[in-house]
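Q: File target.txt follows (compact mmCIF, C-alpha atoms (C1' of nucleotides)):
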# COMPACT_ATOMS: atom_id res chain seq x y z
CA MET H 1 -13.29 6.20 -14.05
CA ASP H 2 -9.63 5.35 -14.45
CA LEU H 3 -8.65 2.51 -12.15
CA ALA H 4 -5.02 3.61 -12.11
CA VAL H 5 -6.13 6.87 -10.50
CA ILE H 6 -8.09 4.96 -7.86
CA GLU H 7 -5.18 2.62 -7.22
CA LYS H 8 -2.71 5.48 -6.79
CA ALA H 9 -5.03 7.46 -4.52
CA ALA H 10 -5.77 4.37 -2.44
CA ASN H 11 -2.06 3.74 -2.09
CA ALA H 12 -1.51 7.32 -0.90
CA ILE H 13 -4.26 6.92 1.69
CA ALA H 14 -3.16 3.44 2.80
CA ASP H 15 -0.60 4.60 5.32
CA LYS H 16 -1.08 5.64 8.93
CA HIS H 17 1.06 8.75 8.67
CA ARG H 18 -0.27 9.87 5.32
CA LEU H 19 -3.85 9.40 6.46
CA SER H 20 -3.13 11.51 9.52
CA ILE H 21 -1.62 14.21 7.31
CA ILE H 22 -4.81 14.18 5.24
CA MET H 23 -7.00 14.49 8.33
CA GLU H 24 -4.89 17.33 9.67
CA VAL H 25 -5.20 19.17 6.36
CA VAL H 26 -8.96 18.66 6.56
CA LYS H 27 -9.02 19.95 10.12
CA LYS H 28 -6.83 23.00 9.54
CA GLY H 29 -7.77 23.78 5.95
CA LYS H 30 -4.12 24.01 4.98
CA LEU H 31 -0.72 23.00 6.26
CA ILE H 32 2.91 23.68 5.51
CA CYS H 33 5.45 20.86 5.46
CA GLY H 34 7.04 22.09 8.67
CA ASP H 35 3.73 21.65 10.49
CA VAL H 36 3.65 18.05 9.33
CA CYS H 37 7.09 17.36 10.78
CA GLU H 38 5.86 18.63 14.13
CA PHE H 39 2.61 16.75 14.58
CA THR H 40 3.80 13.49 13.03
CA CYS H 41 7.18 13.44 14.80
CA LEU H 42 8.74 12.30 11.54
CA SER H 43 11.98 13.65 10.13
CA GLN H 44 11.86 16.32 7.44
CA PRO H 45 13.03 13.97 4.65
CA THR H 46 10.43 11.39 5.64
CA VAL H 47 7.70 14.02 5.60
CA SER H 48 8.93 15.24 2.23
CA HIS H 49 8.65 11.66 0.95
CA HIS H 50 5.09 11.19 2.22
CA VAL H 51 3.97 14.60 1.00
CA LYS H 52 5.33 13.79 -2.44
CA ILE H 53 3.24 10.60 -2.58
CA LEU H 54 0.13 12.49 -1.47
CA VAL H 55 0.65 15.26 -4.02
CA ASP H 56 1.69 12.97 -6.89
CA SER H 57 -1.41 10.85 -6.35
CA GLY H 58 -3.64 13.90 -6.54
CA VAL H 59 -4.94 13.56 -2.99
CA LEU H 60 -3.34 16.81 -1.86
CA ASN H 61 -2.68 20.04 -3.73
CA SER H 62 0.54 21.92 -3.11
CA SER H 63 1.45 25.48 -3.89
CA LYS H 64 4.77 27.11 -3.26
CA ASN H 65 4.89 30.56 -1.65
CA GLY H 66 8.56 31.50 -1.64
CA ARG H 67 10.24 28.65 0.18
CA ILE H 68 7.07 27.53 1.90
CA VAL H 69 4.90 24.73 0.45
CA GLU H 70 1.22 24.95 1.30
CA LEU H 71 -0.80 21.76 1.28
CA THR H 72 -4.55 21.62 0.78
CA LEU H 73 -7.02 18.84 0.14
CA ASN H 74 -7.92 18.08 -3.47
CA LYS H 75 -11.68 18.01 -3.03
CA GLU H 76 -12.17 17.07 -6.66
CA MET H 77 -10.28 13.83 -5.97
CA MET H 78 -12.38 13.22 -2.85
CA LYS H 79 -15.48 13.65 -5.00
CA GLN H 80 -14.16 11.19 -7.57
CA LEU H 81 -13.36 8.63 -4.88
CA SER H 82 -16.77 9.09 -3.29
CA MET H 83 -18.49 8.57 -6.63
CA PHE H 84 -16.39 5.51 -7.42
CA PHE H 85 -17.36 3.77 -4.19
CA LEU H 86 -20.95 4.94 -4.48
CA GLN H 87 -21.22 3.22 -7.83
CA LEU H 88 -19.96 0.01 -6.25
CA SER H 89 -22.43 0.18 -3.36
CA MET E 1 -15.63 6.72 11.03
CA ASP E 2 -12.69 4.64 12.16
CA LEU E 3 -9.57 5.65 10.28
CA ALA E 4 -7.98 2.23 10.79
CA VAL E 5 -10.84 0.72 8.78
CA ILE E 6 -10.28 3.24 5.98
CA GLU E 7 -6.53 2.62 6.04
CA LYS E 8 -6.97 -1.15 5.82
CA ALA E 9 -9.55 -0.94 3.04
CA ALA E 10 -7.40 1.54 1.11
CA ASN E 11 -4.46 -0.83 1.45
CA ALA E 12 -6.54 -3.70 0.09
CA ILE E 13 -7.60 -1.60 -2.88
CA ALA E 14 -4.13 -0.16 -3.52
CA ASP E 15 -2.87 -3.00 -5.66
CA LYS E 16 -3.33 -3.60 -9.37
CA HIS E 17 -4.25 -7.27 -9.00
CA ARG E 18 -6.54 -6.81 -6.03
CA LEU E 19 -8.33 -3.92 -7.71
CA SER E 20 -8.89 -6.08 -10.77
CA ILE E 21 -10.28 -8.85 -8.54
CA ILE E 22 -12.70 -6.33 -7.05
CA MET E 23 -13.82 -5.14 -10.48
CA GLU E 24 -14.31 -8.71 -11.68
CA VAL E 25 -16.44 -9.47 -8.62
CA VAL E 26 -18.49 -6.36 -9.39
CA LYS E 27 -18.87 -7.43 -13.00
CA LYS E 28 -19.79 -11.07 -12.32
CA GLY E 29 -21.61 -10.66 -9.01
CA LYS E 30 -19.54 -13.42 -7.45
CA LEU E 31 -16.35 -15.34 -8.07
CA ILE E 32 -14.60 -18.41 -6.76
CA CYS E 33 -10.87 -18.37 -6.06
CA GLY E 34 -10.17 -20.61 -9.04
CA ASP E 35 -11.71 -18.01 -11.36
CA VAL E 36 -9.31 -15.44 -9.94
CA CYS E 37 -6.30 -17.62 -10.73
CA GLU E 38 -7.47 -17.82 -14.33
CA PHE E 39 -8.14 -14.20 -15.15
CA THR E 40 -5.24 -12.77 -13.16
CA CYS E 41 -2.67 -15.33 -14.34
CA LEU E 42 -1.37 -15.49 -10.79
CA SER E 43 -0.50 -18.69 -8.96
CA GLN E 44 -3.00 -20.21 -6.56
CA PRO E 45 -1.00 -19.30 -3.42
CA THR E 46 -0.63 -15.72 -4.63
CA VAL E 47 -4.36 -15.46 -5.26
CA SER E 48 -5.03 -16.94 -1.83
CA HIS E 49 -2.79 -14.25 -0.35
CA HIS E 50 -4.54 -11.40 -2.17
CA VAL E 51 -8.00 -12.78 -1.42
CA LYS E 52 -7.10 -12.97 2.25
CA ILE E 53 -6.14 -9.30 2.28
CA LEU E 54 -9.37 -8.35 0.52
CA VAL E 55 -11.52 -10.39 2.90
CA ASP E 56 -9.64 -9.42 6.07
CA SER E 57 -10.00 -5.75 5.18
CA GLY E 58 -13.76 -6.14 4.75
CA VAL E 59 -13.74 -5.22 1.08
CA LEU E 60 -14.92 -8.66 -0.01
CA ASN E 61 -17.16 -11.18 1.67
CA SER E 62 -16.34 -14.86 1.44
CA SER E 63 -18.50 -17.89 2.08
CA LYS E 64 -17.43 -21.48 1.83
CA ASN E 65 -19.60 -23.99 -0.03
CA GLY E 66 -17.93 -27.32 0.47
CA ARG E 67 -14.39 -26.81 -0.76
CA ILE E 68 -15.31 -23.78 -2.87
CA VAL E 69 -14.94 -20.23 -1.56
CA GLU E 70 -17.35 -17.72 -3.03
CA LEU E 71 -16.35 -14.09 -3.10
CA THR E 72 -18.77 -11.19 -3.22
CA LEU E 73 -18.44 -7.45 -2.78
CA ASN E 74 -19.10 -6.01 0.67
CA LYS E 75 -21.42 -3.22 -0.37
CA GLU E 76 -21.66 -1.97 3.17
CA MET E 77 -17.93 -1.23 3.07
CA MET E 78 -18.32 0.50 -0.30
CA LYS E 79 -21.02 2.66 1.26
CA GLN E 80 -18.77 3.52 4.19
CA LEU E 81 -15.91 4.46 1.89
CA SER E 82 -18.19 6.54 -0.29
CA MET E 83 -19.50 8.41 2.75
CA PHE E 84 -16.02 8.98 4.10
CA PHE E 85 -14.82 10.62 0.90
CA LEU E 86 -18.08 12.50 0.49
CA GLN E 87 -17.55 14.10 3.88
CA LEU E 88 -14.10 15.21 2.78
CA SER E 89 -15.34 16.69 -0.49
C1' DT F 1 -11.11 -46.09 1.27
C1' DC F 2 -8.55 -43.82 -2.39
C1' DC F 3 -8.04 -40.25 -5.57
C1' DA F 4 -9.01 -35.71 -7.33
C1' DT F 5 -10.03 -30.98 -6.47
C1' DA F 6 -10.17 -26.28 -3.98
C1' DA F 7 -8.03 -23.56 -1.09
C1' DA F 8 -4.73 -22.45 2.91
C1' DT F 9 -0.15 -22.50 4.80
C1' DT F 10 4.90 -22.61 4.92
C1' DT F 11 9.09 -21.08 3.25
C1' DA F 12 12.19 -18.42 0.75
C1' DA F 13 13.66 -15.02 -2.69
C1' DA F 14 13.06 -10.66 -4.95
C1' DA F 15 11.06 -6.20 -5.11
C1' DA F 16 9.16 -2.26 -2.98
C1' DC F 17 8.55 0.74 0.97
C1' DT F 18 9.79 3.44 5.11
C1' DT F 19 12.96 5.90 7.51
C1' DC F 20 16.64 9.15 8.50
C1' DA F 21 21.48 11.26 8.17
C1' DA F 22 23.85 13.88 5.07
C1' DT F 23 23.71 16.94 1.53
C1' DG F 24 21.80 20.06 -2.01
C1' DT F 25 18.76 23.87 -3.68
C1' DA F 26 16.10 27.93 -3.39
C1' DT F 27 14.62 31.87 -0.97
C1' DT F 28 14.43 35.20 2.70
C1' DT F 29 16.66 38.20 5.80
C1' DA F 30 20.37 40.45 8.45
C1' DT M 1 26.91 38.97 0.51
C1' DA M 2 26.52 35.67 4.40
C1' DA M 3 23.59 33.20 7.34
C1' DA M 4 19.32 31.11 8.20
C1' DT M 5 15.18 28.81 6.77
C1' DA M 6 12.09 25.54 4.11
C1' DC M 7 12.05 21.91 1.46
C1' DA M 8 14.03 18.29 -1.95
C1' DT M 9 17.27 14.69 -3.07
C1' DT M 10 20.58 10.99 -2.31
C1' DG M 11 22.06 6.91 -0.27
C1' DA M 12 21.76 3.20 2.86
C1' DA M 13 19.62 0.18 6.45
C1' DG M 14 15.71 -2.22 8.05
C1' DT M 15 11.08 -3.74 7.19
C1' DT M 16 7.23 -5.18 4.59
C1' DT M 17 5.09 -6.94 0.50
C1' DT M 18 4.66 -9.80 -3.45
C1' DT M 19 5.34 -14.00 -5.54
C1' DA M 20 5.51 -19.00 -6.32
C1' DA M 21 7.15 -23.92 -5.29
C1' DA M 22 6.20 -27.30 -2.09
C1' DT M 23 3.26 -28.94 1.16
C1' DT M 24 -0.94 -29.41 3.96
C1' DT M 25 -5.86 -29.44 4.91
C1' DA M 26 -10.53 -30.23 3.75
C1' DT M 27 -14.10 -31.89 0.89
C1' DG M 28 -16.36 -34.55 -2.85
C1' DG M 29 -16.72 -38.45 -5.78
C1' DA M 30 -15.47 -43.22 -7.57
Go through the file and emit its structure as structure tokens.

A:
Amino acid sequence: MDLAVIEKAANAIADKHRLSIIMEVVKKGKLICGDVCEFTCLSQPTVSHHVKILVDSGVLNSSKNGRIVELTLNKEMMKQLSMFFLQLS
Amino acid sequence: MDLAVIEKAANAIADKHRLSIIMEVVKKGKLICGDVCEFTCLSQPTVSHHVKILVDSGVLNSSKNGRIVELTLNKEMMKQLSMFFLQLS
DNA sequence: TCCATAAATTTAAAAACTTCAATGTATTTA
DNA sequence: TAAATACATTGAAGTTTTTAAATTTATGGA
């Protein structure tokens, strides 16, 4: 397991707003960026910034449909994280 | 599962030096702060700072033997993290 | 008691992060 | 084609984090 991957994912998760975005994606299955602006009460550029960190780290997947970006959870990354911490426990 | 606990643990893990401290604790079973100064090449105050974050977050346990602080992994926290990510995967 | 050792705290500087207004880009629709 | 929509990027301000020198605290040994 690559520690740089763990570090980057942990960093993405280690923020109140980003963690709430993750949990909302889990709850709804998928989100668009506009949804995130609404339920976080953050500005659109700020949301764009946080979403970028989540996607770059591999925690969230994004796919563009026209001008809409759809966010989903990267379950493969969740599996990797789960296994990493399982090995340490 | 309390998200604030996850956020704090993720924050503790989301640093190159702190992650390497964790992995060294895993490897050796236990460490004292002085060991950490050596293998990280960080100053004693900096190590003290990082260790504090790791212990406060619940990622590491610490116990004081005289003037020596012994650090061990909090396996219960590792289990909690593993379960959290397992539920998301 | 006095000195050495282990770690914590204080303080300050530099780097990184968070945030949003303004602006830019791409795409859809009227 | 022009306007509207969804998101990205830039730039700047404020905040937090990282780091280490200097100092302090606590403990062990001579």

Q: Mind fitting chain E onto chain H over all Cα atoms in sequence order and sending the result as a compact mmCIF listing (two decimals) with C-alpha atoms, in the coordinates of the input?

A:
# COMPACT_ATOMS: atom_id res chain seq x y z
CA MET E 1 -13.30 6.17 -13.98
CA ASP E 2 -9.65 5.30 -14.43
CA LEU E 3 -8.68 2.48 -12.12
CA ALA E 4 -5.03 3.56 -12.10
CA VAL E 5 -6.12 6.84 -10.51
CA ILE E 6 -8.09 4.96 -7.84
CA GLU E 7 -5.17 2.60 -7.21
CA LYS E 8 -2.72 5.47 -6.80
CA ALA E 9 -5.03 7.46 -4.53
CA ALA E 10 -5.78 4.36 -2.44
CA ASN E 11 -2.05 3.76 -2.10
CA ALA E 12 -1.52 7.32 -0.91
CA ILE E 13 -4.26 6.93 1.67
CA ALA E 14 -3.17 3.46 2.79
CA ASP E 15 -0.61 4.60 5.32
CA LYS E 16 -1.10 5.64 8.93
CA HIS E 17 1.07 8.75 8.67
CA ARG E 18 -0.26 9.89 5.33
CA LEU E 19 -3.85 9.41 6.46
CA SER E 20 -3.13 11.51 9.53
CA ILE E 21 -1.62 14.22 7.30
CA ILE E 22 -4.81 14.20 5.24
CA MET E 23 -7.00 14.50 8.33
CA GLU E 24 -4.89 17.35 9.68
CA VAL E 25 -5.20 19.19 6.36
CA VAL E 26 -8.96 18.67 6.54
CA LYS E 27 -9.03 19.96 10.10
CA LYS E 28 -6.83 23.02 9.54
CA GLY E 29 -7.76 23.83 5.94
CA LYS E 30 -4.11 24.03 4.97
CA LEU E 31 -0.71 23.01 6.26
CA ILE E 32 2.92 23.68 5.50
CA CYS E 33 5.44 20.84 5.45
CA GLY E 34 7.05 22.07 8.66
CA ASP E 35 3.73 21.64 10.49
CA VAL E 36 3.64 18.04 9.32
CA CYS E 37 7.08 17.34 10.77
CA GLU E 38 5.86 18.62 14.12
CA PHE E 39 2.61 16.76 14.55
CA THR E 40 3.78 13.50 12.99
CA CYS E 41 7.15 13.42 14.78
CA LEU E 42 8.72 12.28 11.52
CA SER E 43 11.96 13.64 10.11
CA GLN E 44 11.85 16.31 7.43
CA PRO E 45 13.02 13.98 4.63
CA THR E 46 10.41 11.40 5.62
CA VAL E 47 7.68 14.03 5.58
CA SER E 48 8.91 15.24 2.20
CA HIS E 49 8.64 11.67 0.93
CA HIS E 50 5.09 11.19 2.21
CA VAL E 51 3.97 14.61 0.98
CA LYS E 52 5.32 13.78 -2.45
CA ILE E 53 3.24 10.61 -2.59
CA LEU E 54 0.14 12.49 -1.48
CA VAL E 55 0.64 15.26 -4.04
CA ASP E 56 1.69 12.97 -6.90
CA SER E 57 -1.41 10.84 -6.36
CA GLY E 58 -3.65 13.91 -6.55
CA VAL E 59 -4.93 13.57 -3.01
CA LEU E 60 -3.35 16.84 -1.89
CA ASN E 61 -2.67 20.05 -3.75
CA SER E 62 0.55 21.93 -3.11
CA SER E 63 1.48 25.50 -3.89
CA LYS E 64 4.79 27.14 -3.20
CA ASN E 65 4.91 30.57 -1.56
CA GLY E 66 8.54 31.53 -1.53
CA ARG E 67 10.27 28.68 0.25
CA ILE E 68 7.07 27.49 1.95
CA VAL E 69 4.92 24.73 0.47
CA GLU E 70 1.24 24.95 1.31
CA LEU E 71 -0.80 21.78 1.29
CA THR E 72 -4.54 21.63 0.78
CA LEU E 73 -7.01 18.84 0.13
CA ASN E 74 -7.92 18.09 -3.47
CA LYS E 75 -11.67 18.01 -3.05
CA GLU E 76 -12.15 17.07 -6.66
CA MET E 77 -10.28 13.83 -5.98
CA MET E 78 -12.38 13.22 -2.86
CA LYS E 79 -15.47 13.64 -5.01
CA GLN E 80 -14.14 11.17 -7.57
CA LEU E 81 -13.36 8.62 -4.88
CA SER E 82 -16.75 9.08 -3.29
CA MET E 83 -18.47 8.55 -6.63
CA PHE E 84 -16.39 5.49 -7.40
CA PHE E 85 -17.36 3.76 -4.17
CA LEU E 86 -20.95 4.94 -4.47
CA GLN E 87 -21.21 3.20 -7.82
CA LEU E 88 -19.96 0.00 -6.23
CA SER E 89 -22.42 0.18 -3.34

Q: Can you tell me, as a VMD selection string, what residues are no more than 12 Å from Glu76 in chain H when counting all atoms listed in the file, ignoring any on the same chain fewer than 4 positions away?

A: (chain H and resid 58 to 61 72 80 to 83) or (chain E and resid 85 to 86 88 to 89)

Q: List as CSV every residue of chain F that is in contact with chain H, defined as an atom at most 7 Å from one of its atoms (using only C-alpha atoms (C1' of nucleotides)), together with the nearest atom pair and the distance in Å rounded to one decimal, sorted by chain and then rising number.

A:
residue,atom,partner,partner_atom,distance
F:DT19,C1',H:Thr46,CA,6.3
F:DC20,C1',H:Ser43,CA,6.7
F:DA26,C1',H:Arg67,CA,6.9
F:DT27,C1',H:Arg67,CA,5.6

Q: Just to confirm, what's the straight-line distance from CA of Met23 in chain E to C1' of DA7 in chain F in Å (one decimal)?

A: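 Value for the CA of Met23 in chain E-C1' of DA7 in chain F distance: 21.5 Å.
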
Q: Using all atoms listed in the file - which residues lie no farther than 12 Å from the point (-5.8, -34.9, -6.9) in the file's frame? Write them as a PyMOL selection string.

A: (chain F and resi 2-6) or (chain M and resi 27-29)

Q: Listing only residues of chain H within 12 Å of chain E, what is the closest atom pair and its distance in Å (to one decimal) for each, using all atoms listed in the file, sorted by chain and residue number ascending, as JSON lines?

A:
{"residue": "H:Met1", "atom": "CA", "partner": "E:Met23", "partner_atom": "CA", "distance": 11.9}
{"residue": "H:Asp2", "atom": "CA", "partner": "E:Leu19", "partner_atom": "CA", "distance": 11.5}
{"residue": "H:Leu3", "atom": "CA", "partner": "E:Leu19", "partner_atom": "CA", "distance": 7.8}
{"residue": "H:Ala4", "atom": "CA", "partner": "E:Lys16", "partner_atom": "CA", "distance": 7.9}
{"residue": "H:Val5", "atom": "CA", "partner": "E:Ala14", "partner_atom": "CA", "distance": 10.1}
{"residue": "H:Ile6", "atom": "CA", "partner": "E:Ala14", "partner_atom": "CA", "distance": 7.8}
{"residue": "H:Glu7", "atom": "CA", "partner": "E:Ala14", "partner_atom": "CA", "distance": 4.7}
{"residue": "H:Lys8", "atom": "CA", "partner": "E:Ala14", "partner_atom": "CA", "distance": 6.7}
{"residue": "H:Ala9", "atom": "CA", "partner": "E:Ala14", "partner_atom": "CA", "distance": 7.7}
{"residue": "H:Ala10", "atom": "CA", "partner": "E:Ala10", "partner_atom": "CA", "distance": 4.8}
{"residue": "H:Asn11", "atom": "CA", "partner": "E:Ala14", "partner_atom": "CA", "distance": 4.6}
{"residue": "H:Ala12", "atom": "CA", "partner": "E:Ala14", "partner_atom": "CA", "distance": 8.3}
{"residue": "H:Ile13", "atom": "CA", "partner": "E:Ala10", "partner_atom": "CA", "distance": 6.3}
{"residue": "H:Ala14", "atom": "CA", "partner": "E:Asn11", "partner_atom": "CA", "distance": 4.7}
{"residue": "H:Asp15", "atom": "CA", "partner": "E:Glu7", "partner_atom": "CA", "distance": 6.3}
{"residue": "H:Lys16", "atom": "CA", "partner": "E:Glu7", "partner_atom": "CA", "distance": 6.9}
{"residue": "H:His17", "atom": "CA", "partner": "E:Glu7", "partner_atom": "CA", "distance": 10.1}
{"residue": "H:Arg18", "atom": "CA", "partner": "E:Glu7", "partner_atom": "CA", "distance": 9.6}
{"residue": "H:Leu19", "atom": "CA", "partner": "E:Glu7", "partner_atom": "CA", "distance": 7.3}
{"residue": "H:Ser20", "atom": "CA", "partner": "E:Leu3", "partner_atom": "CA", "distance": 8.7}
{"residue": "H:Ile22", "atom": "CA", "partner": "E:Leu88", "partner_atom": "CA", "distance": 9.7}
{"residue": "H:Met23", "atom": "CA", "partner": "E:Leu88", "partner_atom": "CA", "distance": 9.0}
{"residue": "H:Glu24", "atom": "CA", "partner": "E:Leu88", "partner_atom": "CA", "distance": 11.7}
{"residue": "H:Val25", "atom": "CA", "partner": "E:Leu88", "partner_atom": "CA", "distance": 10.4}
{"residue": "H:Val26", "atom": "CA", "partner": "E:Leu88", "partner_atom": "CA", "distance": 7.3}
{"residue": "H:Lys27", "atom": "CA", "partner": "E:Leu88", "partner_atom": "CA", "distance": 10.1}
{"residue": "H:Gly29", "atom": "CA", "partner": "E:Leu88", "partner_atom": "CA", "distance": 11.1}
{"residue": "H:Ser57", "atom": "CA", "partner": "E:Ala14", "partner_atom": "CA", "distance": 11.7}
{"residue": "H:Val59", "atom": "CA", "partner": "E:Leu88", "partner_atom": "CA", "distance": 11.0}
{"residue": "H:Leu60", "atom": "CA", "partner": "E:Leu88", "partner_atom": "CA", "distance": 11.8}
{"residue": "H:Thr72", "atom": "CA", "partner": "E:Leu88", "partner_atom": "CA", "distance": 11.7}
{"residue": "H:Leu73", "atom": "CA", "partner": "E:Leu88", "partner_atom": "CA", "distance": 8.4}
{"residue": "H:Asn74", "atom": "CA", "partner": "E:Ser89", "partner_atom": "CA", "distance": 8.1}
{"residue": "H:Lys75", "atom": "CA", "partner": "E:Ser89", "partner_atom": "CA", "distance": 4.6}
{"residue": "H:Glu76", "atom": "CA", "partner": "E:Ser89", "partner_atom": "CA", "distance": 6.9}
{"residue": "H:Met77", "atom": "CA", "partner": "E:Ser89", "partner_atom": "CA", "distance": 8.0}
{"residue": "H:Met78", "atom": "CA", "partner": "E:Ser89", "partner_atom": "CA", "distance": 5.1}
{"residue": "H:Lys79", "atom": "CA", "partner": "E:Ser89", "partner_atom": "CA", "distance": 5.4}
{"residue": "H:Gln80", "atom": "CA", "partner": "E:Phe85", "partner_atom": "CA", "distance": 8.5}
{"residue": "H:Leu81", "atom": "CA", "partner": "E:Phe85", "partner_atom": "CA", "distance": 6.3}
{"residue": "H:Ser82", "atom": "CA", "partner": "E:Ser82", "partner_atom": "CA", "distance": 4.2}
{"residue": "H:Met83", "atom": "CA", "partner": "E:Ser82", "partner_atom": "CA", "distance": 6.7}
{"residue": "H:Phe84", "atom": "CA", "partner": "E:Ser82", "partner_atom": "CA", "distance": 7.4}
{"residue": "H:Phe85", "atom": "CA", "partner": "E:Ser82", "partner_atom": "CA", "distance": 4.9}
{"residue": "H:Leu86", "atom": "CA", "partner": "E:Ser82", "partner_atom": "CA", "distance": 5.3}
{"residue": "H:Gln87", "atom": "CA", "partner": "E:Met78", "partner_atom": "CA", "distance": 8.5}
{"residue": "H:Leu88", "atom": "CA", "partner": "E:Met78", "partner_atom": "CA", "distance": 6.2}
{"residue": "H:Ser89", "atom": "CA", "partner": "E:Lys75", "partner_atom": "CA", "distance": 4.6}

Q: As a VMD selection string, could you give me every residue of chain M near chain E (at most 10 Å apart, counting all atoms listed in the file)?

A: chain M and resid 18 to 21 26 to 28

Q: Could you tell me how far C1' of DT24 in chain M sits from CA of Lys30 in chain E, in Å to one decimal place?

A: 27.1 Å

Q: Quick check, in Å to one decimal: how far apart do CA of Ser63 in chain E and C1' of DT25 in chain M lie?

A: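 Taking CA of Ser63 in chain E and C1' of DT25 in chain M, their separation equals 17.4 Å.
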
Q: For DT10 in chain F, which residue out of M:DT9, M:DT23, M:DT1, M:DT16 is the nearest one, using all atoms listed in the file?

A: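 Between M:DT9, M:DT23, M:DT1, M:DT16, the residue approaching DT10 in chain F most closely is M:DT23.
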
Q: Can you work out which one of F:DT28, F:DT11, F:DT23, F:DT1 has the shortest atom-to-atom distance to DT5 in chain M, counting all atoms listed in the file?

A: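 Distance minimum relative to DT5 in chain M lands on F:DT28.
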
Q: Quick one: axis-aligned box around all listed atoms of range 16-30 of chain F, 5 Å on every side, centre and edge lengths in Å to one decimal, written as lines of an AutoDock Vina configuration file.

A:
center_x = 16.2
center_y = 19.1
center_z = 2.4
size_x = 25.3
size_y = 52.7
size_z = 22.2

Q: Given the choices M:DA13, M:DA3, M:DA30, M:DA22, which gets closest to DA21 in chain F if the distance is worked out from only C-alpha atoms (C1' of nucleotides)?

A: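 That would be M:DA13, the residue with the smallest distance to DA21 in chain F.
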
Q: Could you model all heavy atoms for range 75-80 of chain E and present them as a short mmCIF file (atom, residue, chain, number, x, y, z; two decimals), in the coordinates of the input?

A:
data_model
loop_
_atom_site.label_atom_id
_atom_site.label_comp_id
_atom_site.auth_asym_id
_atom_site.auth_seq_id
_atom_site.Cartn_x
_atom_site.Cartn_y
_atom_site.Cartn_z
N LYS E 75 -20.85 -4.52 0.01
CA LYS E 75 -21.42 -3.22 -0.37
C LYS E 75 -21.51 -2.25 0.80
O LYS E 75 -21.45 -1.04 0.61
CB LYS E 75 -22.80 -3.42 -1.00
CG LYS E 75 -22.73 -4.18 -2.33
CD LYS E 75 -24.00 -4.02 -3.14
CE LYS E 75 -23.84 -4.71 -4.50
NZ LYS E 75 -25.02 -4.50 -5.37
N GLU E 76 -21.62 -2.83 1.98
CA GLU E 76 -21.66 -1.97 3.17
C GLU E 76 -20.34 -1.20 3.31
O GLU E 76 -20.33 -0.01 3.63
CB GLU E 76 -21.91 -2.85 4.40
CG GLU E 76 -22.54 -2.14 5.56
CD GLU E 76 -23.68 -1.21 5.13
OE1 GLU E 76 -24.68 -1.66 4.52
OE2 GLU E 76 -23.55 0.00 5.38
N MET E 77 -19.24 -1.90 3.02
CA MET E 77 -17.93 -1.23 3.07
C MET E 77 -17.82 -0.18 1.97
O MET E 77 -17.29 0.91 2.20
CB MET E 77 -16.81 -2.27 2.91
CG MET E 77 -15.41 -1.70 2.85
SD MET E 77 -14.91 -0.81 4.35
CE MET E 77 -14.43 -2.18 5.40
N MET E 78 -18.35 -0.49 0.79
CA MET E 78 -18.32 0.50 -0.30
C MET E 78 -19.09 1.75 0.11
O MET E 78 -18.67 2.87 -0.16
CB MET E 78 -18.95 -0.09 -1.58
CG MET E 78 -18.20 -1.29 -2.16
SD MET E 78 -16.47 -0.97 -2.53
CE MET E 78 -15.65 -1.94 -1.26
N LYS E 79 -20.20 1.54 0.79
CA LYS E 79 -21.02 2.66 1.26
C LYS E 79 -20.23 3.50 2.27
O LYS E 79 -20.23 4.73 2.20
CB LYS E 79 -22.30 2.11 1.91
CG LYS E 79 -23.59 2.64 1.31
CD LYS E 79 -24.83 1.98 1.92
CE LYS E 79 -25.26 0.76 1.13
NZ LYS E 79 -26.45 0.07 1.69
N GLN E 80 -19.56 2.81 3.18
CA GLN E 80 -18.77 3.52 4.19
C GLN E 80 -17.66 4.34 3.54
O GLN E 80 -17.41 5.49 3.92
CB GLN E 80 -18.15 2.54 5.17
CG GLN E 80 -19.09 2.02 6.24
CD GLN E 80 -18.31 1.25 7.31
OE1 GLN E 80 -17.37 1.77 7.92
NE2 GLN E 80 -18.69 0.00 7.52
#
